Amino acid sequence: MKKHILLFTAICIGFTSCNLDEELNDSITKENSNSILGASEALKATYLQLRSFQQTDFQFMLQEHPSDEMAGPTRGADWDDNGVWRSLHLHTWTPDNARIIGSWEQLYKGLAFAIDAQSYADITPSQNAQAVFIQALYTFYLTDLFGQVSMRLPGEPVSGLPSKQLSRTEAIDYAISILEAQLPNLPTTAASGSDVANKNAGNALLAKMYLNRAVYKATDANGKPQAGPFTFSNADMTKVTSYCDAAMSGRSLQTNYFENFAPNNGEISNELIFTSKNTNAAGGELARFYFMTLHYNQNPSGWNGFVALTDLYNKFETTDTRLSSSVTGLTNVSGLKAGILTGQQKDQNGVNIKDRQGIDLSFTQNFSLANSTEEKGMRVIKYLPDYTNTSRANNDFVFFRLADVMLMKAEAMARMSNTGGALTIVNDIRSVRGASSLAAVTTDDILNERARELYWEGHRRQDQIRFSKFNAAVQERSTVTDSHVLIFPIPLEKLAANPNLFQNPGY
């Protein structure tokens with residue numbers, strides 16, 4: 001049985017830029033590939049592909065740019081990029097949007113890796129469970145972003161079309177079922193780091209899938225997503241609270257919020273549940289998260305790109321450490337603060353930084369999506385720059401952490417009318433973050449708290465959809481958009497290659 005994907009796995013162990021469509025040597029048989037690679041190497045490649053989430057051109061940006069947290073202003077000739085960023089913010093994207101095409105390819109590459117790893121004869125129960133976790137993770141993201149999933153089963157020949165075609169309503173149940181079956185075989189948290197798909201990670205992903213299940217079930221017969229409000233069953237919300245409790249085992253909130261995103265976050269944070277490992281020697285491209293937003297004359301010198309919306313900034317109290325914090329190793333080195341940067345920017349000596357015209361660099365809350373000057377828009381430092389190697393940062397990329405799980409539990413409790421229990425959780429987080437306690441809590445309060453806690457971490461679009469807020473007008477987007485944009489279009493070349501796929505309604 002020919003297995004193109006197996007040689008592809010070997011080639012891509014150290015690289016995340018390989019193309020699934022490239023021609024690969026088809027002389028490798030399934031039996032040969034088992035002896036050449038083995039399950040351990042195949043699983044390693046599967047983990048490494050998770051680094052595609054650190055790419056500022058792919059799926060992370062589909063969760064942030066269309067939301068009320070981020071935008072990409074065009075600055076003269078800079079950042080025009082054929083309008084791809086504007087269309088994401090305006091909800092006017094089309095199937096040929098390069099960010100959508102790239103996201104589809106990276107997600108399917110990861111799904112293929114995870115499924116293929118399960119086909120190796122020497123795979124252990126723990127390794128198999130880890131591969132299934134990652135398969136479920138990719139299935140969840142594909143369901144969330146594209147509303148349908150096409151996949152092969154482990155060991156299935158690649159010569160024909162994938163045998164499994166799942167609709168939006170089917171895919172979420174499939175992802176839940178395969179992960180629940182393998183949850184007992186995942187490694188224990190105590191015996192692994194957060195960069196391993198352990199039991200805490202499995203429980204966190206299951207909680208996330210059950211929390212969003214009602215959204216995906218609300219789909220018309222033709223595949224068009226409904227905009228809500230959604231009906232969250234008590235059965236699903238009870239599952240959420242149960243899985244959240246299990247995911248929180250052994251974890252605690254980090255007193256210093258930005259230690260969760262520091263260059264040594266994998267070593268010092270007890271809040272992290274599942275991460276993608278980076279090192280200075282062989283890490284991913286996490287440095288893009290600070291390059292993409294910082295001005296050219298800041299340290300490190302950035303690309304002067306993406307900005308935060310006032311919709312996000314205005315949610316914070318001034319005492320909230322998540323909004324702005326001086327951090328040793330950052331502020332004393334560069335003058336930067338962690339959080340949302342606004343107003344006059346200074347270097348480590350307190351001297352005003354200038355823009356390229358020699359004018360004081362003062363970031364403004366306002367910006368123009370179509371035509372901004374270089375100082376327009378507030379910037380964000382979430383992942384702290386790694387000054388030992390600014391181009392290849394040591395910071396681990398965070399998929400799941402404790403505060404996210406706590407807020408998922410609070411939301412589930414509120415949806416079951418236990419607002420008292422939800423309030424306690426929210427205030428526990430706010431207390432550690434330096435924010436005042438709330439007297440009462442609604443589901444809207446929880447959505448706002450998720451913005452304050454999880455901004456620019458790749459959750460916001462999904463959260464807004466679940467709370468029926470995604471289509472509302474925001475800064476630099478004055479229109480209320482149609483529900484078809486709750487999922488993205490299928491790239492046209494992928495439709496042509498797989499007749500089992502169909503274009504999503506509205507595109």
# chains A, B, ... in the order shown; residues from 1 in each chain; ligands from 1

call {"tool": "residues_around", "arguments": {"residues": "segment 383-400 of chain A", "least_positions_apart": "5", "cutoff": "8 Å", "atoms": "only C-alpha atoms", "output": "PDB file with all heavy atoms, in the first residue's frame"}}
result
ATOM      1  N   ARG A  51       3.016  23.961  15.644  1.00  0.00           N
ATOM      2  CA  ARG A  51       3.636  25.288  15.566  1.00  0.00           C
ATOM      3  C   ARG A  51       3.007  26.166  14.492  1.00  0.00           C
ATOM      4  O   ARG A  51       3.234  27.379  14.475  1.00  0.00           O
ATOM      5  CB  ARG A  51       5.143  25.144  15.310  1.00  0.00           C
ATOM      6  CG  ARG A  51       5.910  24.602  16.512  1.00  0.00           C
ATOM      7  CD  ARG A  51       7.368  24.390  16.179  1.00  0.00           C
ATOM      8  NE  ARG A  51       8.129  23.943  17.349  1.00  0.00           N
ATOM      9  CZ  ARG A  51       9.366  23.473  17.310  1.00  0.00           C
ATOM     10  NH1 ARG A  51       9.991  23.371  16.139  1.00  0.00           N
ATOM     11  NH2 ARG A  51       9.980  23.096  18.412  1.00  0.00           N
ATOM     12  N   GLN A  54       1.382  29.348  15.532  1.00  0.00           N
ATOM     13  CA  GLN A  54       2.185  30.522  15.847  1.00  0.00           C
ATOM     14  C   GLN A  54       2.408  31.415  14.629  1.00  0.00           C
ATOM     15  O   GLN A  54       2.929  32.524  14.764  1.00  0.00           O
ATOM     16  CB  GLN A  54       3.544  30.082  16.402  1.00  0.00           C
ATOM     17  CG  GLN A  54       3.451  29.213  17.636  1.00  0.00           C
ATOM     18  CD  GLN A  54       4.789  28.615  18.025  1.00  0.00           C
ATOM     19  OE1 GLN A  54       5.833  29.229  17.858  1.00  0.00           O
ATOM     20  NE2 GLN A  54       4.771  27.394  18.535  1.00  0.00           N
ATOM     21  N   ALA A 201      -4.921  18.114  29.570  1.00  0.00           N
ATOM     22  CA  ALA A 201      -5.185  18.669  28.245  1.00  0.00           C
ATOM     23  C   ALA A 201      -6.415  18.023  27.615  1.00  0.00           C
ATOM     24  O   ALA A 201      -7.255  18.706  27.013  1.00  0.00           O
ATOM     25  CB  ALA A 201      -3.962  18.471  27.353  1.00  0.00           C
ATOM     26  N   ALA A 204      -9.486  19.427  29.214  1.00  0.00           N
ATOM     27  CA  ALA A 204      -9.721  20.808  28.794  1.00  0.00           C
ATOM     28  C   ALA A 204     -10.333  20.866  27.401  1.00  0.00           C
ATOM     29  O   ALA A 204     -11.267  21.648  27.148  1.00  0.00           O
ATOM     30  CB  ALA A 204      -8.413  21.599  28.833  1.00  0.00           C
ATOM     31  N   PHE A 258       1.730  37.870  33.327  1.00  0.00           N
ATOM     32  CA  PHE A 258       2.516  37.782  32.105  1.00  0.00           C
ATOM     33  C   PHE A 258       3.611  36.720  32.170  1.00  0.00           C
ATOM     34  O   PHE A 258       4.269  36.462  31.154  1.00  0.00           O
ATOM     35  CB  PHE A 258       3.074  39.157  31.734  1.00  0.00           C
ATOM     36  CG  PHE A 258       2.020  40.072  31.181  1.00  0.00           C
ATOM     37  CD1 PHE A 258       1.470  41.077  31.972  1.00  0.00           C
ATOM     38  CD2 PHE A 258       1.540  39.899  29.896  1.00  0.00           C
ATOM     39  CE1 PHE A 258       0.478  41.903  31.465  1.00  0.00           C
ATOM     40  CE2 PHE A 258       0.543  40.715  29.380  1.00  0.00           C
ATOM     41  CZ  PHE A 258       0.004  41.727  30.172  1.00  0.00           C
ATOM     42  N   PHE A 261       3.304  33.990  29.635  1.00  0.00           N
ATOM     43  CA  PHE A 261       3.711  34.239  28.252  1.00  0.00           C
ATOM     44  C   PHE A 261       5.175  34.645  28.154  1.00  0.00           C
ATOM     45  O   PHE A 261       5.621  35.147  27.126  1.00  0.00           O
ATOM     46  CB  PHE A 261       2.820  35.334  27.650  1.00  0.00           C
ATOM     47  CG  PHE A 261       1.358  35.106  27.914  1.00  0.00           C
ATOM     48  CD1 PHE A 261       0.713  35.785  28.944  1.00  0.00           C
ATOM     49  CD2 PHE A 261       0.641  34.174  27.187  1.00  0.00           C
ATOM     50  CE1 PHE A 261      -0.627  35.556  29.221  1.00  0.00           C
ATOM     51  CE2 PHE A 261      -0.692  33.934  27.453  1.00  0.00           C
ATOM     52  CZ  PHE A 261      -1.333  34.627  28.485  1.00  0.00           C
ATOM     53  N   ALA A 262       5.930  34.418  29.214  1.00  0.00           N
ATOM     54  CA  ALA A 262       7.332  34.800  29.266  1.00  0.00           C
ATOM     55  C   ALA A 262       8.192  33.817  28.473  1.00  0.00           C
ATOM     56  O   ALA A 262       7.742  32.703  28.141  1.00  0.00           O
ATOM     57  CB  ALA A 262       7.802  34.843  30.720  1.00  0.00           C
ATOM     58  N   PRO A 263       9.436  34.194  28.158  1.00  0.00           N
ATOM     59  CA  PRO A 263      10.309  33.264  27.432  1.00  0.00           C
ATOM     60  C   PRO A 263      10.534  31.938  28.147  1.00  0.00           C
ATOM     61  O   PRO A 263      10.804  30.932  27.490  1.00  0.00           O
ATOM     62  CB  PRO A 263      11.622  34.059  27.309  1.00  0.00           C
ATOM     63  CG  PRO A 263      11.187  35.481  27.304  1.00  0.00           C
ATOM     64  CD  PRO A 263      10.031  35.545  28.266  1.00  0.00           C
ATOM     65  N   ASN A 264      10.397  31.912  29.469  1.00  0.00           N
ATOM     66  CA  ASN A 264      10.543  30.659  30.217  1.00  0.00           C
ATOM     67  C   ASN A 264       9.209  30.198  30.793  1.00  0.00           C
ATOM     68  O   ASN A 264       9.161  29.544  31.827  1.00  0.00           O
ATOM     69  CB  ASN A 264      11.573  30.820  31.341  1.00  0.00           C
ATOM     70  CG  ASN A 264      11.217  31.933  32.325  1.00  0.00           C
ATOM     71  OD1 ASN A 264      10.383  32.791  32.031  1.00  0.00           O
ATOM     72  ND2 ASN A 264      11.860  31.926  33.491  1.00  0.00           N
ATOM     73  N   ASN A 265       8.103  30.527  30.111  1.00  0.00           N
ATOM     74  CA  ASN A 265       6.784  30.202  30.661  1.00  0.00           C
ATOM     75  C   ASN A 265       6.584  28.712  30.888  1.00  0.00           C
ATOM     76  O   ASN A 265       5.916  28.300  31.845  1.00  0.00           O
ATOM     77  CB  ASN A 265       5.662  30.764  29.775  1.00  0.00           C
ATOM     78  CG  ASN A 265       5.664  30.220  28.350  1.00  0.00           C
ATOM     79  OD1 ASN A 265       6.661  29.675  27.867  1.00  0.00           O
ATOM     80  ND2 ASN A 265       4.554  30.403  27.652  1.00  0.00           N
ATOM     81  N   GLY A 266       7.160  27.883  30.047  1.00  0.00           N
ATOM     82  CA  GLY A 266       7.006  26.439  30.212  1.00  0.00           C
ATOM     83  C   GLY A 266       7.645  25.905  31.481  1.00  0.00           C
ATOM     84  O   GLY A 266       7.256  24.846  31.975  1.00  0.00           O
ATOM     85  N   LEU A 272      -0.303  26.673  32.958  1.00  0.00           N
ATOM     86  CA  LEU A 272      -0.383  26.154  31.604  1.00  0.00           C
ATOM     87  C   LEU A 272      -0.854  24.705  31.600  1.00  0.00           C
ATOM     88  O   LEU A 272      -0.364  23.883  32.366  1.00  0.00           O
ATOM     89  CB  LEU A 272       0.978  26.276  30.915  1.00  0.00           C
ATOM     90  CG  LEU A 272       1.608  27.670  30.933  1.00  0.00           C
ATOM     91  CD1 LEU A 272       2.893  27.678  30.127  1.00  0.00           C
ATOM     92  CD2 LEU A 272       0.633  28.736  30.435  1.00  0.00           C
ATOM     93  N   ILE A 273      -1.774  24.398  30.690  1.00  0.00           N
ATOM     94  CA  ILE A 273      -2.348  23.054  30.591  1.00  0.00           C
ATOM     95  C   ILE A 273      -1.901  22.360  29.313  1.00  0.00           C
ATOM     96  O   ILE A 273      -1.542  21.180  29.341  1.00  0.00           O
ATOM     97  CB  ILE A 273      -3.892  23.122  30.671  1.00  0.00           C
ATOM     98  CG1 ILE A 273      -4.310  23.541  32.092  1.00  0.00           C
ATOM     99  CG2 ILE A 273      -4.521  21.776  30.299  1.00  0.00           C
ATOM    100  CD1 ILE A 273      -5.808  23.746  32.258  1.00  0.00           C
ATOM    101  N   PHE A 274      -1.924  23.059  28.193  1.00  0.00           N
ATOM    102  CA  PHE A 274      -1.410  22.467  26.957  1.00  0.00           C
ATOM    103  C   PHE A 274      -0.742  23.548  26.137  1.00  0.00           C
ATOM    104  O   PHE A 274      -1.315  24.611  25.890  1.00  0.00           O
ATOM    105  CB  PHE A 274      -2.511  21.806  26.133  1.00  0.00           C
ATOM    106  CG  PHE A 274      -1.982  21.085  24.910  1.00  0.00           C
ATOM    107  CD1 PHE A 274      -1.079  20.039  25.042  1.00  0.00           C
ATOM    108  CD2 PHE A 274      -2.372  21.466  23.637  1.00  0.00           C
ATOM    109  CE1 PHE A 274      -0.569  19.382  23.923  1.00  0.00           C
ATOM    110  CE2 PHE A 274      -1.878  20.807  22.512  1.00  0.00           C
ATOM    111  CZ  PHE A 274      -0.973  19.760  22.660  1.00  0.00           C
ATOM    112  N   THR A 275       0.496  23.265  25.717  1.00  0.00           N
ATOM    113  CA  THR A 275       1.304  24.231  24.984  1.00  0.00           C
ATOM    114  C   THR A 275       2.012  23.553  23.828  1.00  0.00           C
ATOM    115  O   THR A 275       2.098  22.324  23.758  1.00  0.00           O
ATOM    116  CB  THR A 275       2.367  24.870  25.897  1.00  0.00           C
ATOM    117  OG1 THR A 275       3.256  23.837  26.361  1.00  0.00           O
ATOM    118  CG2 THR A 275       1.741  25.578  27.086  1.00  0.00           C
ATOM    119  N   SER A 276       2.553  24.377  22.931  1.00  0.00           N
ATOM    120  CA  SER A 276       3.451  23.916  21.880  1.00  0.00           C
ATOM    121  C   SER A 276       4.849  24.395  22.237  1.00  0.00           C
ATOM    122  O   SER A 276       5.077  25.595  22.408  1.00  0.00           O
ATOM    123  CB  SER A 276       3.016  24.468  20.514  1.00  0.00           C
ATOM    124  OG  SER A 276       3.911  24.068  19.497  1.00  0.00           O
ATOM    125  N   LYS A 277       5.773  23.462  22.356  1.00  0.00           N
ATOM    126  CA  LYS A 277       7.108  23.736  22.868  1.00  0.00           C
ATOM    127  C   LYS A 277       7.961  24.489  21.863  1.00  0.00           C
ATOM    128  O   LYS A 277       7.985  24.160  20.671  1.00  0.00           O
ATOM    129  CB  LYS A 277       7.807  22.417  23.232  1.00  0.00           C
ATOM    130  CG  LYS A 277       9.177  22.572  23.872  1.00  0.00           C
ATOM    131  CD  LYS A 277       9.067  23.078  25.279  1.00  0.00           C
ATOM    132  CE  LYS A 277      10.409  23.069  25.993  1.00  0.00           C
ATOM    133  NZ  LYS A 277      10.296  23.666  27.352  1.00  0.00           N
ATOM    134  N   ASN A 278       8.670  25.506  22.354  1.00  0.00           N
ATOM    135  CA  ASN A 278       9.644  26.240  21.546  1.00  0.00           C
ATOM    136  C   ASN A 278      10.979  26.303  22.273  1.00  0.00           C
ATOM    137  O   ASN A 278      11.020  26.300  23.507  1.00  0.00           O
ATOM    138  CB  ASN A 278       9.168  27.668  21.273  1.00  0.00           C
ATOM    139  CG  ASN A 278       8.005  27.735  20.318  1.00  0.00           C
ATOM    140  OD1 ASN A 278       8.006  27.090  19.278  1.00  0.00           O
ATOM    141  ND2 ASN A 278       6.986  28.498  20.675  1.00  0.00           N
ATOM    142  N   THR A 279      12.050  26.367  21.514  1.00  0.00           N
ATOM    143  CA  THR A 279      13.375  26.631  22.064  1.00  0.00           C
ATOM    144  C   THR A 279      14.079  27.633  21.164  1.00  0.00           C
ATOM    145  O   THR A 279      13.716  27.797  19.986  1.00  0.00           O
ATOM    146  CB  THR A 279      14.239  25.354  22.161  1.00  0.00           C
ATOM    147  OG1 THR A 279      14.551  24.896  20.834  1.00  0.00           O
ATOM    148  CG2 THR A 279      13.524  24.251  22.928  1.00  0.00           C
ATOM    149  N   ASN A 280      15.098  28.294  21.695  1.00  0.00           N
ATOM    150  CA  ASN A 280      15.885  29.216  20.868  1.00  0.00           C
ATOM    151  C   ASN A 280      16.579  28.500  19.730  1.00  0.00           C
ATOM    152  O   ASN A 280      16.792  29.062  18.654  1.00  0.00           O
ATOM    153  CB  ASN A 280      16.929  29.936  21.721  1.00  0.00           C
ATOM    154  CG  ASN A 280      16.323  30.869  22.753  1.00  0.00           C
ATOM    155  OD1 ASN A 280      16.793  30.933  23.874  1.00  0.00           O
ATOM    156  ND2 ASN A 280      15.277  31.597  22.398  1.00  0.00           N
ATOM    157  N   ALA A 281      16.912  27.236  19.946  1.00  0.00           N
ATOM    158  CA  ALA A 281      17.661  26.489  18.933  1.00  0.00           C
ATOM    159  C   ALA A 281      16.765  25.973  17.819  1.00  0.00           C
ATOM    160  O   ALA A 281      17.145  25.970  16.647  1.00  0.00           O
ATOM    161  CB  ALA A 281      18.406  25.325  19.586  1.00  0.00           C
ATOM    162  N   ALA A 282      15.558  25.537  18.177  1.00  0.00           N
ATOM    163  CA  ALA A 282      14.718  24.879  17.171  1.00  0.00           C
ATOM    164  C   ALA A 282      13.243  25.121  17.428  1.00  0.00           C
ATOM    165  O   ALA A 282      12.430  24.213  17.360  1.00  0.00           O
ATOM    166  CB  ALA A 282      15.002  23.378  17.157  1.00  0.00           C
ATOM    167  N   GLY A 283      12.893  26.361  17.719  1.00  0.00           N
ATOM    168  CA  GLY A 283      11.505  26.659  18.022  1.00  0.00           C
ATOM    169  C   GLY A 283      10.699  27.053  16.801  1.00  0.00           C
ATOM    170  O   GLY A 283      11.190  27.059  15.675  1.00  0.00           O
ATOM    171  N   GLY A 284       9.449  27.394  17.055  1.00  0.00           N
ATOM    172  CA  GLY A 284       8.574  27.871  16.000  1.00  0.00           C
ATOM    173  C   GLY A 284       8.775  29.355  15.756  1.00  0.00           C
ATOM    174  O   GLY A 284       9.839  29.906  16.030  1.00  0.00           O
ATOM    175  N   GLU A 285       7.728  30.011  15.276  1.00  0.00           N
ATOM    176  CA  GLU A 285       7.839  31.421  14.903  1.00  0.00           C
ATOM    177  C   GLU A 285       7.026  32.313  15.831  1.00  0.00           C
ATOM    178  O   GLU A 285       6.377  33.267  15.405  1.00  0.00           O
ATOM    179  CB  GLU A 285       7.407  31.604  13.457  1.00  0.00           C
ATOM    180  CG  GLU A 285       8.308  30.854  12.486  1.00  0.00           C
ATOM    181  CD  GLU A 285       8.068  31.252  11.050  1.00  0.00           C
ATOM    182  OE1 GLU A 285       8.164  32.456  10.733  1.00  0.00           O
ATOM    183  OE2 GLU A 285       7.783  30.354  10.245  1.00  0.00           O
ATOM    184  N   LEU A 286       7.084  32.012  17.130  1.00  0.00           N
ATOM    185  CA  LEU A 286       6.304  32.778  18.087  1.00  0.00           C
ATOM    186  C   LEU A 286       6.717  34.247  18.138  1.00  0.00           C
ATOM    187  O   LEU A 286       5.915  35.106  18.496  1.00  0.00           O
ATOM    188  CB  LEU A 286       6.416  32.149  19.474  1.00  0.00           C
ATOM    189  CG  LEU A 286       5.530  32.779  20.546  1.00  0.00           C
ATOM    190  CD1 LEU A 286       4.826  31.714  21.365  1.00  0.00           C
ATOM    191  CD2 LEU A 286       6.327  33.699  21.452  1.00  0.00           C
ATOM    192  N   ALA A 287       7.960  34.555  17.761  1.00  0.00           N
ATOM    193  CA  ALA A 287       8.417  35.944  17.757  1.00  0.00           C
ATOM    194  C   ALA A 287       7.530  36.836  16.893  1.00  0.00           C
ATOM    195  O   ALA A 287       7.487  38.061  17.084  1.00  0.00           O
ATOM    196  CB  ALA A 287       9.857  36.017  17.258  1.00  0.00           C
ATOM    197  N   PHE A 289       4.519  37.246  17.153  1.00  0.00           N
ATOM    198  CA  PHE A 289       3.472  37.876  17.950  1.00  0.00           C
ATOM    199  C   PHE A 289       3.888  39.239  18.473  1.00  0.00           C
ATOM    200  O   PHE A 289       3.022  40.084  18.735  1.00  0.00           O
ATOM    201  CB  PHE A 289       3.048  36.953  19.096  1.00  0.00           C
ATOM    202  CG  PHE A 289       2.185  35.815  18.641  1.00  0.00           C
ATOM    203  CD1 PHE A 289       2.736  34.580  18.341  1.00  0.00           C
ATOM    204  CD2 PHE A 289       0.830  35.987  18.473  1.00  0.00           C
ATOM    205  CE1 PHE A 289       1.949  33.540  17.900  1.00  0.00           C
ATOM    206  CE2 PHE A 289       0.029  34.942  18.026  1.00  0.00           C
ATOM    207  CZ  PHE A 289       0.595  33.715  17.737  1.00  0.00           C
ATOM    208  N   TYR A 290       5.168  39.479  18.665  1.00  0.00           N
ATOM    209  CA  TYR A 290       5.553  40.849  19.020  1.00  0.00           C
ATOM    210  C   TYR A 290       6.048  41.633  17.820  1.00  0.00           C
ATOM    211  O   TYR A 290       5.850  42.841  17.738  1.00  0.00           O
ATOM    212  CB  TYR A 290       6.560  40.894  20.178  1.00  0.00           C
ATOM    213  CG  TYR A 290       7.714  39.924  20.188  1.00  0.00           C
ATOM    214  CD1 TYR A 290       8.874  40.173  19.468  1.00  0.00           C
ATOM    215  CD2 TYR A 290       7.669  38.779  20.984  1.00  0.00           C
ATOM    216  CE1 TYR A 290       9.961  39.302  19.520  1.00  0.00           C
ATOM    217  CE2 TYR A 290       8.749  37.902  21.047  1.00  0.00           C
ATOM    218  CZ  TYR A 290       9.893  38.161  20.311  1.00  0.00           C
ATOM    219  OH  TYR A 290      10.967  37.300  20.358  1.00  0.00           O
ATOM    220  N   PRO A 300      12.148  44.903  20.490  1.00  0.00           N
ATOM    221  CA  PRO A 300      12.746  44.728  19.171  1.00  0.00           C
ATOM    222  C   PRO A 300      12.012  45.525  18.080  1.00  0.00           C
ATOM    223  O   PRO A 300      10.846  45.854  18.236  1.00  0.00           O
ATOM    224  CB  PRO A 300      12.607  43.225  18.918  1.00  0.00           C
ATOM    225  CG  PRO A 300      11.419  42.823  19.721  1.00  0.00           C
ATOM    226  CD  PRO A 300      11.432  43.687  20.941  1.00  0.00           C
ATOM    227  N   LEU A 330      11.829  43.025  30.633  1.00  0.00           N
ATOM    228  CA  LEU A 330      11.175  43.640  29.467  1.00  0.00           C
ATOM    229  C   LEU A 330      11.287  45.160  29.563  1.00  0.00           C
ATOM    230  O   LEU A 330      11.970  45.790  28.769  1.00  0.00           O
ATOM    231  CB  LEU A 330       9.714  43.221  29.384  1.00  0.00           C
ATOM    232  CG  LEU A 330       8.870  43.931  28.307  1.00  0.00           C
ATOM    233  CD1 LEU A 330       9.273  43.463  26.924  1.00  0.00           C
ATOM    234  CD2 LEU A 330       7.375  43.694  28.546  1.00  0.00           C
ATOM    235  N   ALA A 338       4.180  45.244  29.293  1.00  0.00           N
ATOM    236  CA  ALA A 338       3.361  44.136  28.805  1.00  0.00           C
ATOM    237  C   ALA A 338       1.899  44.560  28.826  1.00  0.00           C
ATOM    238  O   ALA A 338       1.473  45.302  29.707  1.00  0.00           O
ATOM    239  CB  ALA A 338       3.569  42.901  29.679  1.00  0.00           C
ATOM    240  N   VAL A 405     -10.027  27.572  31.482  1.00  0.00           N
ATOM    241  CA  VAL A 405     -10.856  26.466  31.982  1.00  0.00           C
ATOM    242  C   VAL A 405     -11.784  26.953  33.091  1.00  0.00           C
ATOM    243  O   VAL A 405     -12.966  26.589  33.145  1.00  0.00           O
ATOM    244  CB  VAL A 405      -9.967  25.311  32.461  1.00  0.00           C
ATOM    245  CG1 VAL A 405     -10.806  24.209  33.105  1.00  0.00           C
ATOM    246  CG2 VAL A 405      -9.163  24.735  31.287  1.00  0.00           C
ATOM    247  N   GLU A 457      -5.184  35.621  22.309  1.00  0.00           N
ATOM    248  CA  GLU A 457      -4.721  34.247  22.508  1.00  0.00           C
ATOM    249  C   GLU A 457      -5.396  33.261  21.558  1.00  0.00           C
ATOM    250  O   GLU A 457      -5.201  32.053  21.680  1.00  0.00           O
ATOM    251  CB  GLU A 457      -4.952  33.810  23.951  1.00  0.00           C
ATOM    252  CG  GLU A 457      -4.069  34.531  24.961  1.00  0.00           C
ATOM    253  CD  GLU A 457      -4.252  34.021  26.379  1.00  0.00           C
ATOM    254  OE1 GLU A 457      -4.224  32.783  26.590  1.00  0.00           O
ATOM    255  OE2 GLU A 457      -4.435  34.862  27.285  1.00  0.00           O
TER     256      GLU A 457
END

call {"tool": "residues_around", "arguments": {"residues": "segment 100-102 of chain A", "least_positions_apart": "2", "cutoff": "8 Å", "atoms": "only C-alpha atoms", "output": "short mmCIF file (atom, residue, chain, number, x, y, z; two decimals) with C-alpha atoms, in the first residue's frame"}}
result
data_model
loop_
_atom_site.label_atom_id
_atom_site.label_comp_id
_atom_site.auth_asym_id
_atom_site.auth_seq_id
_atom_site.Cartn_x
_atom_site.Cartn_y
_atom_site.Cartn_z
CA ASP A 57 -0.72 34.16 8.45
CA PHE A 58 -2.82 31.17 9.46
CA GLN A 59 -5.63 29.93 11.70
CA LEU A 62 -8.93 33.76 11.67
CA PRO A 95 -12.77 31.80 -0.98
CA ASP A 96 -9.54 33.10 -2.51
CA ASN A 97 -8.41 34.90 0.66
CA ALA A 98 -4.81 33.79 1.21
CA TRP A 104 -7.14 25.22 5.63
CA GLU A 105 -3.88 23.70 4.42
CA GLN A 106 -2.14 23.92 7.79
CA PHE A 488 -15.37 30.50 6.39
CA PRO A 489 -15.64 29.43 2.73
CA PRO A 491 -11.05 27.30 -0.90
#

call {"tool": "closest_residue", "arguments": {"among": "A:Ala42, A:Leu166, A:Val474, A:Met61", "to": "Gly223 of chain A", "atoms": "only C-alpha atoms"}}
result
A:Leu166

call {"tool": "closest_residue", "arguments": {"among": "A:Tyr174, A:Ser40, A:Lys469, A:Leu312", "to": "Thr481 of chain A", "atoms": "only C-alpha atoms"}}
result
A:Lys469

call {"tool": "select_by_dssp", "arguments": {"residues": "segment 130-364 of chain A", "states": "strand (DSSP E or B)", "output": "CSV table (one decimal) with C-alpha atoms, in the first residue's frame"}}
result
chain,number,residue,atom,x,y,z
A,148,GLN,CA,-17.2,20.4,7.6
A,149,VAL,CA,-14.4,17.9,7.9
A,150,SER,CA,-13.1,15.4,5.4
A,151,MET,CA,-10.6,12.8,6.7
A,164,LYS,CA,-15.0,10.1,6.2
A,165,GLN,CA,-17.0,13.2,5.4
A,166,LEU,CA,-18.5,14.9,8.4
A,167,SER,CA,-21.0,17.8,8.5
A,219,THR,CA,-27.0,24.5,11.6
A,225,PRO,CA,-24.8,28.3,10.6
A,272,LEU,CA,-0.4,26.2,31.6
A,273,ILE,CA,-2.3,23.1,30.6
A,274,PHE,CA,-1.4,22.5,27.0
A,275,THR,CA,1.3,24.2,25.0
A,276,SER,CA,3.5,23.9,21.9
A,307,VAL,CA,-3.6,47.0,16.6
A,308,ALA,CA,-6.1,46.5,19.5
A,324,SER,CA,-0.6,47.1,31.5
A,325,SER,CA,2.3,45.9,33.6
A,338,ALA,CA,3.4,44.1,28.8
A,339,GLY,CA,-0.3,44.4,27.8
A,340,ILE,CA,-1.9,47.1,25.6
A,341,LEU,CA,0.4,49.9,24.6
A,343,GLY,CA,0.2,56.9,24.4
A,344,GLN,CA,3.8,58.1,24.3
A,346,LYS,CA,9.6,55.4,25.8
A,352,ASN,CA,10.6,59.4,24.2
A,354,LYS,CA,10.4,58.9,17.8
A,360,ASP,CA,7.3,61.6,19.2
A,362,SER,CA,2.4,58.2,20.6
A,363,PHE,CA,0.0,55.3,19.9
A,364,THR,CA,-3.6,56.5,19.5

call {"tool": "residues_around", "arguments": {"residues": "Asn427 of chain A", "least_positions_apart": "5", "cutoff": "10 Å", "atoms": "only C-alpha atoms", "output": "list in words"}}
result
Ala422, Val432, Arg433, Ala435, Ser436, Ser437, Leu438, Ala439, Ala440, Val441 and Glu449 of chain A

call {"tool": "closest_residue", "arguments": {"among": "A:Tyr455, A:Phe146, A:Phe291, A:Phe113", "to": "Leu501 of chain A", "atoms": "only C-alpha atoms"}}
result
A:Phe146

call {"tool": "residues_around", "arguments": {"residues": "segment 244-252 of chain A", "least_positions_apart": "6", "cutoff": "10 Å", "atoms": "only C-alpha atoms", "output": "number ranges by chain"}}
result
A: 189-190, 198-208, 238, 269-273, 400-410, 412

call {"tool": "closest_residue", "arguments": {"among": "A:Lys337, A:Arg430, A:Lys376, A:Arg461", "to": "Thr319 of chain A", "atoms": "only C-alpha atoms"}}
result
A:Arg430

call {"tool": "residues_around", "arguments": {"residues": "Leu309 of chain A", "least_positions_apart": "5", "cutoff": "7 Å", "atoms": "only C-alpha atoms", "output": "VMD selection string"}}
result
chain A and resid 68 to 70 475
